[in-house]
file input_16.cif (mmCIF, C-alpha atoms, pLDDT in the B column; chains and numbers go by the auth columns)
data_coords
#
loop_
_atom_site.group_PDB
_atom_site.id
_atom_site.type_symbol
_atom_site.label_atom_id
_atom_site.label_comp_id
_atom_site.label_asym_id
_atom_site.label_seq_id
_atom_site.Cartn_x
_atom_site.Cartn_y
_atom_site.Cartn_z
_atom_site.B_iso_or_equiv
_atom_site.auth_seq_id
_atom_site.auth_asym_id
ATOM 1 C CA ASP A 1 -29.402 55.817 -19.185 46.00 190 A
ATOM 2 C CA VAL A 2 -26.497 53.381 -19.034 53.00 191 A
ATOM 3 C CA ASP A 3 -25.317 52.316 -15.596 68.00 192 A
ATOM 4 C CA LYS A 4 -21.899 53.937 -15.072 75.00 193 A
ATOM 5 C CA ARG A 5 -19.312 53.166 -12.415 85.00 194 A
ATOM 6 C CA GLN A 6 -16.242 55.111 -11.405 87.00 195 A
ATOM 7 C CA SER A 7 -13.328 54.187 -9.204 91.00 196 A
ATOM 8 C CA TYR A 8 -10.794 56.574 -7.732 92.00 197 A
ATOM 9 C CA GLU A 9 -7.238 55.648 -6.817 92.00 198 A
ATOM 10 C CA ARG A 10 -4.746 58.144 -5.449 90.00 199 A
ATOM 11 C CA ARG A 11 -1.736 56.298 -6.831 94.00 200 A
ATOM 12 C CA GLU A 12 -1.037 55.130 -10.372 95.00 201 A
ATOM 13 C CA ASP A 13 0.307 51.755 -9.179 96.00 202 A
ATOM 14 C CA PHE A 14 -2.887 51.095 -7.166 94.00 203 A
ATOM 15 C CA ALA A 15 -4.950 52.138 -10.195 95.00 204 A
ATOM 16 C CA GLU A 16 -3.134 49.557 -12.318 96.00 205 A
ATOM 17 C CA VAL A 17 -3.901 46.829 -9.751 96.00 206 A
ATOM 18 C CA ALA A 18 -7.565 47.906 -9.703 95.00 207 A
ATOM 19 C CA ARG A 19 -7.761 47.865 -13.515 95.00 208 A
ATOM 20 C CA LYS A 20 -6.263 44.359 -13.666 96.00 209 A
ATOM 21 C CA ASN A 21 -8.653 43.108 -10.964 96.00 210 A
ATOM 22 C CA VAL A 22 -11.725 44.480 -12.755 95.00 211 A
ATOM 23 C CA GLU A 23 -10.647 43.103 -16.123 95.00 212 A
ATOM 24 C CA LYS A 24 -9.869 39.702 -14.605 97.00 213 A
ATOM 25 C CA PHE A 25 -13.284 39.575 -12.911 96.00 214 A
ATOM 26 C CA TYR A 26 -15.213 40.648 -16.032 94.00 215 A
ATOM 27 C CA GLY A 27 -12.990 38.869 -18.541 96.00 216 A
ATOM 28 C CA GLY A 28 -11.762 42.058 -20.195 95.00 217 A
ATOM 29 C CA PRO A 29 -12.198 45.842 -20.255 93.00 218 A
ATOM 30 C CA VAL A 30 -15.504 47.199 -18.937 92.00 219 A
ATOM 31 C CA GLU A 31 -17.061 49.952 -21.037 90.00 220 A
ATOM 32 C CA GLN A 32 -19.313 51.210 -18.211 91.00 221 A
ATOM 33 C CA TRP A 33 -16.407 51.651 -15.776 91.00 222 A
ATOM 34 C CA ARG A 34 -14.040 54.594 -15.564 90.00 223 A
ATOM 35 C CA LEU A 35 -10.881 54.612 -13.461 92.00 224 A
ATOM 36 C CA VAL A 36 -9.722 57.998 -12.205 92.00 225 A
ATOM 37 C CA VAL A 37 -6.248 58.534 -10.783 93.00 226 A
ATOM 38 C CA GLY A 38 -6.682 61.242 -8.200 92.00 227 A
ATOM 39 C CA ASP A 39 -7.975 62.005 -4.745 92.00 228 A
ATOM 40 C CA PHE A 40 -11.684 61.188 -4.340 91.00 229 A
ATOM 41 C CA VAL A 41 -12.351 64.447 -2.481 93.00 230 A
ATOM 42 C CA THR A 42 -10.843 66.730 -5.130 91.00 231 A
ATOM 43 C CA ALA A 43 -11.331 64.653 -8.303 89.00 232 A
ATOM 44 C CA LEU A 44 -14.987 63.724 -7.786 87.00 233 A
ATOM 45 C CA ASP A 45 -17.059 65.443 -10.455 83.00 234 A
ATOM 46 C CA GLU A 46 -20.275 63.426 -10.216 85.00 235 A
ATOM 47 C CA SER A 47 -23.622 64.289 -8.666 87.00 236 A
ATOM 48 C CA ASP A 48 -26.825 62.298 -8.202 89.00 237 A
ATOM 49 C CA VAL A 49 -24.748 59.217 -7.397 92.00 238 A
ATOM 50 C CA ASP A 50 -26.647 56.208 -6.016 94.00 239 A
ATOM 51 C CA ARG A 51 -23.773 54.556 -4.124 94.00 240 A
ATOM 52 C CA VAL A 52 -20.385 55.509 -2.740 95.00 241 A
ATOM 53 C CA VAL A 53 -18.186 52.641 -1.513 94.00 242 A
ATOM 54 C CA LEU A 54 -15.077 53.647 0.390 95.00 243 A
ATOM 55 C CA ASP A 55 -12.397 51.013 1.016 93.00 244 A
ATOM 56 C CA MET A 56 -9.522 53.086 2.327 93.00 245 A
ATOM 57 C CA LEU A 57 -7.469 53.985 5.368 93.00 246 A
ATOM 58 C CA ALA A 58 -9.447 57.109 6.362 96.00 247 A
ATOM 59 C CA PRO A 59 -12.975 57.093 4.895 97.00 248 A
ATOM 60 C CA TRP A 60 -14.058 59.790 7.357 97.00 249 A
ATOM 61 C CA GLU A 61 -12.042 62.260 5.280 97.00 250 A
ATOM 62 C CA CYS A 62 -14.425 61.611 2.357 96.00 251 A
ATOM 63 C CA VAL A 63 -17.811 61.838 4.108 97.00 252 A
ATOM 64 C CA ASP A 64 -18.465 65.439 3.017 96.00 253 A
ATOM 65 C CA ALA A 65 -17.533 64.739 -0.627 96.00 254 A
ATOM 66 C CA ALA A 66 -19.697 61.608 -0.595 96.00 255 A
ATOM 67 C CA ALA A 67 -22.640 63.578 0.828 96.00 256 A
ATOM 68 C CA LYS A 68 -22.316 66.228 -1.893 95.00 257 A
ATOM 69 C CA SER A 69 -22.319 63.609 -4.656 94.00 258 A
ATOM 70 C CA LEU A 70 -25.050 61.296 -3.324 95.00 259 A
ATOM 71 C CA THR A 71 -28.653 61.680 -4.330 95.00 260 A
ATOM 72 C CA PRO A 72 -31.195 61.636 -1.456 96.00 261 A
ATOM 73 C CA GLY A 73 -31.647 57.983 -0.517 96.00 262 A
ATOM 74 C CA GLY A 74 -28.200 57.115 -1.860 96.00 263 A
ATOM 75 C CA VAL A 75 -25.984 54.881 0.241 97.00 264 A
ATOM 76 C CA ILE A 76 -22.513 55.402 1.647 97.00 265 A
ATOM 77 C CA CYS A 77 -20.742 52.128 2.412 97.00 266 A
ATOM 78 C CA CYS A 78 -17.357 52.074 4.140 97.00 267 A
ATOM 79 C CA TYR A 79 -15.098 49.080 4.688 96.00 268 A
ATOM 80 C CA VAL A 80 -12.518 49.415 7.473 96.00 269 A
ATOM 81 C CA ALA A 81 -10.175 46.958 9.162 94.00 270 A
ATOM 82 C CA THR A 82 -9.883 48.204 12.756 94.00 271 A
ATOM 83 C CA THR A 83 -12.232 49.194 15.569 94.00 272 A
ATOM 84 C CA THR A 84 -10.562 52.604 15.760 96.00 273 A
ATOM 85 C CA GLN A 85 -11.365 53.221 12.087 97.00 274 A
ATOM 86 C CA LEU A 86 -14.892 51.908 12.670 97.00 275 A
ATOM 87 C CA SER A 87 -15.517 54.339 15.517 97.00 276 A
ATOM 88 C CA ARG A 88 -14.128 57.349 13.694 98.00 277 A
ATOM 89 C CA THR A 89 -16.077 56.531 10.508 98.00 278 A
ATOM 90 C CA VAL A 90 -19.391 56.094 12.335 97.00 279 A
ATOM 91 C CA GLU A 91 -18.914 59.281 14.368 97.00 280 A
ATOM 92 C CA SER A 92 -17.989 61.280 11.243 97.00 281 A
ATOM 93 C CA ILE A 93 -21.112 60.098 9.430 97.00 282 A
ATOM 94 C CA ARG A 94 -23.256 60.935 12.482 95.00 283 A
ATOM 95 C CA ASP A 95 -21.663 64.355 12.946 95.00 284 A
ATOM 96 C CA HIS A 96 -22.137 65.273 9.285 95.00 285 A
ATOM 97 C CA GLY A 97 -25.901 65.463 9.800 93.00 286 A
ATOM 98 C CA SER A 98 -26.869 64.473 6.253 95.00 287 A
ATOM 99 C CA PHE A 99 -27.165 60.737 6.822 96.00 288 A
ATOM 100 C CA THR A 100 -29.422 58.322 8.621 95.00 289 A
ATOM 101 C CA GLU A 101 -28.027 56.561 11.678 94.00 290 A
ATOM 102 C CA PRO A 102 -25.029 54.516 10.489 96.00 291 A
ATOM 103 C CA HIS A 103 -25.365 50.745 10.658 96.00 292 A
ATOM 104 C CA SER A 104 -22.186 48.786 11.274 96.00 293 A
ATOM 105 C CA TRP A 105 -21.328 45.118 11.354 93.00 294 A
ATOM 106 C CA GLU A 106 -18.374 42.774 11.293 91.00 295 A
ATOM 107 C CA THR A 107 -17.603 40.424 8.444 83.00 296 A
ATOM 108 C CA LEU A 108 -15.979 37.043 8.979 80.00 297 A
ATOM 109 C CA ILE A 109 -14.896 34.449 6.466 80.00 298 A
ATOM 110 C CA ARG A 110 -14.913 30.795 7.483 81.00 299 A
ATOM 111 C CA ASP A 111 -14.753 27.797 5.152 85.00 300 A
ATOM 112 C CA TRP A 112 -17.265 24.968 5.457 89.00 301 A
ATOM 113 C CA HIS A 113 -16.951 21.266 4.696 90.00 302 A
ATOM 114 C CA VAL A 114 -19.945 19.973 2.696 95.00 303 A
ATOM 115 C CA GLU A 115 -20.139 16.246 1.802 94.00 304 A
ATOM 116 C CA GLY A 116 -23.747 15.111 1.487 95.00 305 A
ATOM 117 C CA LEU A 117 -25.286 15.385 4.957 95.00 306 A
ATOM 118 C CA ALA A 118 -21.883 15.954 6.581 93.00 307 A
ATOM 119 C CA VAL A 119 -22.059 19.743 6.779 96.00 308 A
ATOM 120 C CA ARG A 120 -19.835 21.473 9.314 93.00 309 A
ATOM 121 C CA PRO A 121 -17.368 24.329 9.604 90.00 310 A
ATOM 122 C CA ASP A 122 -13.746 23.509 8.886 85.00 311 A
ATOM 123 C CA HIS A 123 -11.804 22.448 11.963 82.00 312 A
ATOM 124 C CA ARG A 124 -9.411 25.352 11.653 78.00 313 A
ATOM 125 C CA MET A 125 -10.475 28.896 11.004 74.00 314 A
ATOM 126 C CA VAL A 126 -7.826 31.102 9.519 70.00 315 A
ATOM 127 C CA GLY A 127 -10.178 34.022 9.278 68.00 316 A
ATOM 128 C CA HIS A 128 -10.134 37.598 8.234 70.00 317 A
ATOM 129 C CA THR A 129 -12.347 40.163 9.840 80.00 318 A
ATOM 130 C CA GLY A 130 -13.391 43.591 8.714 90.00 319 A
ATOM 131 C CA PHE A 131 -16.108 46.108 9.450 95.00 320 A
ATOM 132 C CA VAL A 132 -18.751 47.568 7.140 96.00 321 A
ATOM 133 C CA VAL A 133 -20.638 50.803 7.833 97.00 322 A
ATOM 134 C CA THR A 134 -23.636 51.934 5.796 97.00 323 A
ATOM 135 C CA ALA A 135 -25.961 54.940 5.953 97.00 324 A
ATOM 136 C CA ARG A 136 -28.426 56.649 3.601 97.00 325 A
ATOM 137 C CA ARG A 137 -28.142 60.240 2.424 97.00 326 A
ATOM 138 C CA MET A 138 -31.137 62.262 3.536 96.00 327 A
ATOM 139 C CA ALA A 139 -32.723 65.028 1.481 94.00 328 A
ATOM 140 C CA GLU A 140 -31.674 68.611 2.195 91.00 329 A
ATOM 141 C CA GLY A 141 -33.492 70.013 5.208 90.00 330 A
ATOM 142 C CA VAL A 142 -34.378 66.610 6.653 90.00 331 A
ATOM 143 C CA THR A 143 -33.156 65.887 10.168 86.00 332 A
ATOM 144 C CA ALA A 144 -32.053 62.434 11.197 79.00 333 A
ATOM 145 C CA PRO A 145 -34.371 60.683 13.620 77.00 334 A
ATOM 146 C CA PRO A 146 -33.022 60.544 17.167 76.00 335 A
ATOM 147 C CA ARG A 147 -30.737 57.667 18.061 75.00 336 A
ATOM 148 C CA ARG A 148 -32.442 54.775 19.795 72.00 337 A
ATOM 149 C CA ARG A 149 -29.622 53.818 22.148 71.00 338 A
ATOM 150 C CA ARG A 150 -27.998 55.706 24.948 71.00 339 A
ATOM 151 C CA PRO A 151 -24.196 55.651 24.934 70.00 340 A
ATOM 152 C CA ALA A 152 -22.245 54.199 27.829 75.00 341 A
ATOM 153 C CA LYS A 153 -21.486 56.589 30.704 77.00 342 A
ATOM 154 C CA GLY A 154 -18.457 58.691 29.855 76.00 343 A
ATOM 155 C CA ALA A 155 -18.518 57.796 26.151 73.00 344 A
ATOM 156 C CA TYR A 156 -18.724 61.457 25.149 72.00 345 A
ATOM 157 C CA GLY A 157 -16.945 63.101 28.068 71.00 346 A
ATOM 158 C CA ASP A 158 -18.166 64.598 31.344 67.00 347 A
ATOM 159 C CA GLU A 159 -20.630 67.040 29.723 61.00 348 A
ATOM 160 C CA ALA A 160 -22.700 64.129 28.335 54.00 349 A
ATOM 161 C CA THR A 161 -23.087 62.503 31.768 53.00 350 A
ATOM 162 C CA ALA A 162 -23.945 65.797 33.486 55.00 351 A
ATOM 163 C CA ARG A 163 -27.282 66.075 31.659 52.00 352 A
#
call {"tool": "encode", "arguments": {"input": "input_16.cif", "output": "structure tokens"}}
result
Amino acid sequence: DVDKRQSYERREDFAEVARKNVEKFYGGPVEQWRLVVGDFVTALDESDVDRVVLDMLAPWECVDAAAKSLTPGGVICCYVATTTQLSRTVESIRDHGSFTEPHSWETLIRDWHVEGLAVRPDHRMVGHTGFVVTARRMAEGVTAPPRRRRPAKGAYGDEATAR
């Protein structure tokens, strides 16, 4: 079976930017890639998907659709720009109950100067940061293992600290 990829863009103008970016990267049209203009949640018609990558303002709105399309063991990967988005995305994945414990990390970009043995970071860092969250889809009927960390006091309201 040929490896197929699909991208979803809600807006036609964003879809055109995506198409140009893909063609520039690959040097022309990509036969194995299909661009769909429409909302991921309502336009998604795939099942047994290995990966879902969400780079959008509110990926938590797509967790249920991603879970329905992912095969057991498939990965959801979300890129977000703020800590508020990070928190809401992680909590939505946890609350869904179909995924392993989400793993999140920050990405930083910093240039390095490399001249022979003179290897050091650039003196100035004009960096960009972002957050990535990943989790695996579990098979139907499988329960996620318990979390290994206890949250900070008050993190989930008074009822969590009363236990």
call {"tool": "closest_atom_pairs", "arguments": {"input": "input_16.cif", "of": "segment 231-343 of chain A", "to": "segment 196-208 of chain A", "cutoff": "12 Å", "atoms": "only C-alpha atoms", "output": "tab-separated table"}}
result
residue	atom	partner	partner_atom	distance
A:Thr231	CA	A:Tyr197	CA	10.5
A:Ala232	CA	A:Tyr197	CA	8.1
A:Leu233	CA	A:Tyr197	CA	8.3
A:Asp234	CA	A:Tyr197	CA	11.2
A:Glu235	CA	A:Ser196	CA	11.6
A:Arg240	CA	A:Ser196	CA	11.6
A:Val241	CA	A:Ser196	CA	9.7
A:Val242	CA	A:Ser196	CA	9.2
A:Leu243	CA	A:Tyr197	CA	9.6
A:Asp244	CA	A:Glu198	CA	10.5
A:Met245	CA	A:Glu198	CA	9.8
A:Leu246	CA	A:Arg199	CA	11.9
A:Cys251	CA	A:Tyr197	CA	11.8
call {"tool": "closest_residue", "arguments": {"input": "input_16.cif", "among": "A:Asp311, A:Asp237, A:Glu295, A:Glu329", "to": "Thr271 of chain A", "atoms": "only C-alpha atoms"}}
result
A:Glu295
call {"tool": "residues_around", "arguments": {"input": "input_16.cif", "residues": "segment 290-293 of chain A", "least_positions_apart": "4", "cutoff": "7 Å", "atoms": "only C-alpha atoms", "output": "ChimeraX atom specification"}}
result
/A:279,282-283,320-324
call {"tool": "atom_distance", "arguments": {"input": "input_16.cif", "atom1": "atom CA of Ile265 of chain A", "atom2": "atom CA of Glu250 of chain A"}}
result
13.0 Å
call {"tool": "atom_distance", "arguments": {"input": "input_16.cif", "atom1": "atom CA of Pro340 of chain A", "atom2": "atom CA of His317 of chain A"}}
result
28.3 Å
call {"tool": "residues_around", "arguments": {"input": "input_16.cif", "residues": "segment 298-309 of chain A", "least_positions_apart": "5", "cutoff": "10 Å", "atoms": "all atoms listed in the file", "output": "PyMOL selection string"}}
result
chain A and resi 314-319
call {"tool": "build_atoms", "arguments": {"input": "input_16.cif", "residues": "segment 275-292 of chain A", "atoms": "N, CA, C and O atoms", "output": "PDB file, in the frame of the given file"}}
result
ATOM      1  N   LEU A 275     -13.441  52.072  12.596  1.00 97.00           N
ATOM      2  CA  LEU A 275     -14.892  51.908  12.670  1.00 97.00           C
ATOM      3  C   LEU A 275     -15.513  53.036  13.478  1.00 97.00           C
ATOM      4  O   LEU A 275     -16.458  53.687  13.027  1.00 97.00           O
ATOM      5  N   SER A 276     -14.982  53.289  14.657  1.00 97.00           N
ATOM      6  CA  SER A 276     -15.517  54.339  15.517  1.00 97.00           C
ATOM      7  C   SER A 276     -15.439  55.708  14.857  1.00 97.00           C
ATOM      8  O   SER A 276     -16.418  56.459  14.830  1.00 97.00           O
ATOM      9  N   ARG A 277     -14.302  56.023  14.313  1.00 98.00           N
ATOM     10  CA  ARG A 277     -14.128  57.349  13.694  1.00 98.00           C
ATOM     11  C   ARG A 277     -15.032  57.519  12.468  1.00 98.00           C
ATOM     12  O   ARG A 277     -15.586  58.597  12.240  1.00 98.00           O
ATOM     13  N   THR A 278     -15.215  56.462  11.687  1.00 98.00           N
ATOM     14  CA  THR A 278     -16.077  56.531  10.508  1.00 98.00           C
ATOM     15  C   THR A 278     -17.530  56.747  10.917  1.00 98.00           C
ATOM     16  O   THR A 278     -18.210  57.633  10.394  1.00 98.00           O
ATOM     17  N   VAL A 279     -18.002  55.961  11.872  1.00 97.00           N
ATOM     18  CA  VAL A 279     -19.391  56.094  12.335  1.00 97.00           C
ATOM     19  C   VAL A 279     -19.633  57.484  12.912  1.00 97.00           C
ATOM     20  O   VAL A 279     -20.635  58.144  12.583  1.00 97.00           O
ATOM     21  N   GLU A 280     -18.731  57.962  13.753  1.00 97.00           N
ATOM     22  CA  GLU A 280     -18.914  59.281  14.368  1.00 97.00           C
ATOM     23  C   GLU A 280     -18.883  60.393  13.322  1.00 97.00           C
ATOM     24  O   GLU A 280     -19.636  61.362  13.417  1.00 97.00           O
ATOM     25  N   SER A 281     -18.043  60.262  12.307  1.00 97.00           N
ATOM     26  CA  SER A 281     -17.989  61.280  11.243  1.00 97.00           C
ATOM     27  C   SER A 281     -19.290  61.320  10.446  1.00 97.00           C
ATOM     28  O   SER A 281     -19.782  62.396  10.097  1.00 97.00           O
ATOM     29  N   ILE A 282     -19.836  60.153  10.154  1.00 97.00           N
ATOM     30  CA  ILE A 282     -21.112  60.098   9.430  1.00 97.00           C
ATOM     31  C   ILE A 282     -22.219  60.705  10.281  1.00 97.00           C
ATOM     32  O   ILE A 282     -23.039  61.490   9.797  1.00 97.00           O
ATOM     33  N   ARG A 283     -22.252  60.360  11.569  1.00 95.00           N
ATOM     34  CA  ARG A 283     -23.256  60.935  12.482  1.00 95.00           C
ATOM     35  C   ARG A 283     -23.124  62.453  12.559  1.00 95.00           C
ATOM     36  O   ARG A 283     -24.107  63.182  12.461  1.00 95.00           O
ATOM     37  N   ASP A 284     -21.899  62.927  12.761  1.00 95.00           N
ATOM     38  CA  ASP A 284     -21.663  64.355  12.946  1.00 95.00           C
ATOM     39  C   ASP A 284     -21.977  65.164  11.697  1.00 95.00           C
ATOM     40  O   ASP A 284     -22.303  66.345  11.801  1.00 95.00           O
ATOM     41  N   HIS A 285     -21.889  64.536  10.524  1.00 95.00           N
ATOM     42  CA  HIS A 285     -22.137  65.273   9.285  1.00 95.00           C
ATOM     43  C   HIS A 285     -23.565  65.803   9.239  1.00 95.00           C
ATOM     44  O   HIS A 285     -23.807  66.907   8.755  1.00 95.00           O
ATOM     45  N   GLY A 286     -24.513  65.015   9.724  1.00 93.00           N
ATOM     46  CA  GLY A 286     -25.901  65.463   9.800  1.00 93.00           C
ATOM     47  C   GLY A 286     -26.722  65.245   8.549  1.00 93.00           C
ATOM     48  O   GLY A 286     -27.901  65.589   8.520  1.00 93.00           O
ATOM     49  N   SER A 287     -26.144  64.683   7.509  1.00 95.00           N
ATOM     50  CA  SER A 287     -26.869  64.473   6.253  1.00 95.00           C
ATOM     51  C   SER A 287     -27.249  63.019   6.024  1.00 95.00           C
ATOM     52  O   SER A 287     -27.784  62.684   4.972  1.00 95.00           O
ATOM     53  N   PHE A 288     -26.947  62.169   7.001  1.00 96.00           N
ATOM     54  CA  PHE A 288     -27.165  60.737   6.822  1.00 96.00           C
ATOM     55  C   PHE A 288     -28.060  60.181   7.917  1.00 96.00           C
ATOM     56  O   PHE A 288     -28.136  60.733   9.015  1.00 96.00           O
ATOM     57  N   THR A 289     -28.699  59.062   7.599  1.00 95.00           N
ATOM     58  CA  THR A 289     -29.422  58.322   8.621  1.00 95.00           C
ATOM     59  C   THR A 289     -28.410  57.731   9.593  1.00 95.00           C
ATOM     60  O   THR A 289     -27.208  57.755   9.341  1.00 95.00           O
ATOM     61  N   GLU A 290     -28.907  57.189  10.697  1.00 94.00           N
ATOM     62  CA  GLU A 290     -28.027  56.561  11.678  1.00 94.00           C
ATOM     63  C   GLU A 290     -27.206  55.465  11.007  1.00 94.00           C
ATOM     64  O   GLU A 290     -27.755  54.563  10.369  1.00 94.00           O
ATOM     65  N   PRO A 291     -25.868  55.537  11.115  1.00 96.00           N
ATOM     66  CA  PRO A 291     -25.029  54.516  10.489  1.00 96.00           C
ATOM     67  C   PRO A 291     -25.282  53.134  11.092  1.00 96.00           C
ATOM     68  O   PRO A 291     -25.501  52.996  12.290  1.00 96.00           O
ATOM     69  N   HIS A 292     -25.246  52.143  10.240  1.00 96.00           N
ATOM     70  CA  HIS A 292     -25.365  50.745  10.658  1.00 96.00           C
ATOM     71  C   HIS A 292     -24.010  50.100  10.428  1.00 96.00           C
ATOM     72  O   HIS A 292     -23.427  50.241   9.354  1.00 96.00           O
TER      73      HIS A 292
END
